[in-house]
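Scroll down for the structure; my scribbles are underneath it.
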Number of protein chains: 2
Amino acid sequence: MMTMATKTSMPSPETRPAIELSQNDRVAVIAGSGRLPVNVAAGLKAAGHSPFVVITGGERAEADEFAIYDHATIELEHMADLIPLLKRERITHVVLAGGIGRRPRLTKLKPSRYMLTKMLPRLASALGKGDNALLSTLVGFIEEVGPKVVGAHEVVPDLLAIEGAITKAKPKTADHRDLKAAFGAAKAIGALDIGQAVVAIGGRVVAVEGVEGTDGLLARTAALRSHPRLSGKKRGVIVKCAKPGQELRADLPAIGPQTVRAAYDAGLAGIGVEAGHSLILDYETVRTSADALGLFVIGLPGDKA
Amino acid sequence: MMTMATKTSMPSPETRPAIELSQNDRVAVIAGSGRLPVNVAAGLKAAGHSPFVVITGGERAEADEFAIYDHATIELEHMADLIPLLKRERITHVVLAGGIGRRPRLTKLKPSRYMLTKMLPRLASALGKGDNALLSTLVGFIEEVGPKVVGAHEVVPDLLAIEGAITKAKPKTADHRDLKAAFGAAKAIGALDIGQAVVAIGGRVVAVEGVEGTDGLLARTAALRSHPRLSGKKRGVIVKCAKPGQELRADLPAIGPQTVRAAYDAGLAGIGVEAGHSLILDYETVRTSADALGLFVIGLPGDKA
């Protein structure tokens, strides 16, 4: 899944101050799937702002979650319509939030002159290069017409994971070994734009996220428990990391209540995220459900390299 | 799966000459699961030697395959018995061949004084460090008592993959992009001792081998074909690579007829292996079944770094 999470620039996001939004500013939340866009819209509203939500058609069944905000729905194939919409609504900042589970179906594209001449050539080139290239291209389109593309955590700073355990359970010594092994591997696969998450059990990496995403990885881990190589091995962790270097700006990792439940179902002892570079969605639900299930959730010191 | 494949030392195996076995030499094949030990024993016999096969109990149902050779069966938990057996049979060279799908069950260990004082402490230390550490430890035990541990390809050089396609089908341009992406990722995960195989489709890595092994990876790839992110994407490749650097000596990657069938079932266009660093088992069956299914099998230039 492509996570349209945030745009951050180097240096790392924890050192970048949150944006002070004025009364004239208006934030559009481009809502893909998952809990992130819901969290961003709620966070903006809680801070006294009125977000405009652009629902990506086909990605969300539960559009009613956004009924209390100004909103519009655009099909993925008609995303060129986003540009005039942003102008019309006098949007100053755009947050790309949530997953886009599929690629645009080229046969369903409604081609406009703008799209054919300006967008398609660049999109076609980006499509083959992975999520980061695709997102950078989208960011470029939006900023060319005016609005600034910002990270979810820049307008709702509370989303960012901080260092340390947020749960009653803390990692044991063996868990720290797993966290270290998984963190290193997650950084390595992130550098290759393969995935963000890795599972380690018994001090070793046993599963690596590919195109199936974190939920798929955890479902797979649950099935792997019966593998002879893991017989007698208990606990284990999943770690999600930001990709090293510039790729961070396009794809910030996130966990939520679903991750906690799936980690529990996979027999894992806890979840590690990179502090300052990861989002925790539905924070209170994550904390209380992890406590109820006996899992730890910990923010790990980020890669300082 | 732990593949007890070979021992090779730097420089890379293609530059290391095959071993000239004399009439006084006797090769023991420690047979784990899979086709490699069958290929090694048959290759030795074809060259006029009389291998001694040590069947690892619990790993092979089809022990009859070795009935034509001198052989013995040792349970994984009684592997300490291997040492006196090697002496008794006057073994000069040992080939570790095939997979060990499980770890020894400590409750089933039949402890001898030798095992308790010499082997267990080192094995316990190696168990947590991954396949390579475990194999290096085993290699150390054997060589201390006399026999030289050698790679399967050192006594049966025909097993080694050579550069170029061995099939009628050759990679197309898009396949070469997939081969390149998968090769780079396979090297990276190999460096971390995570796995050896990677699947790339549409120019991108979509799945990475973990503890489930290559068969599990390909079964997963078949399931991933219906993933929205892969909709409309055809072909794709699996690449198996040796791990960079010294790890090569402990775990040489191999493909066989099962890999060809599973790659076909996963909708892939072909298989890449690292020439000079990978084994092709049941070569003629691999070639003819790949030709029958329209897949390519290609030896890729190895990592010269």
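Chain identifiers are assigned as A, B, and so on, following the order in which chains appear in the structure tokens; residues are numbered from 1 within each chain, and ligands are numbered from 1 in order of appearance.
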Mind listing the helix (DSSP H, G or I) residues of range 149-191 of chain A, per DSSP on the backbone, as an MDAnalysis selection string?
chainID A and resid 152:155 157:159 173:191
I want to know what sits within 10 Å of Ala222 in chain A, based on only C-alpha atoms, with residues of the same chain fewer than 4 positions away left out; could you give that as an MDAnalysis selection string?
chainID A and resid 216:218 226:227 262:268
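Between Pro171 in chain A and the candidates A:Gly202, A:Gly270, A:Gly34, A:Gly58, the tightest atom-to-atom separation, counting only C-alpha atoms, involves A:Gly270.
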Have a look at B:Val286, B:Ala207, B:Ala292, B:Val94 and name the one nearest to chain A; count only C-alpha atoms.
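For chain A, the nearest of the given residues is B:Ala207.
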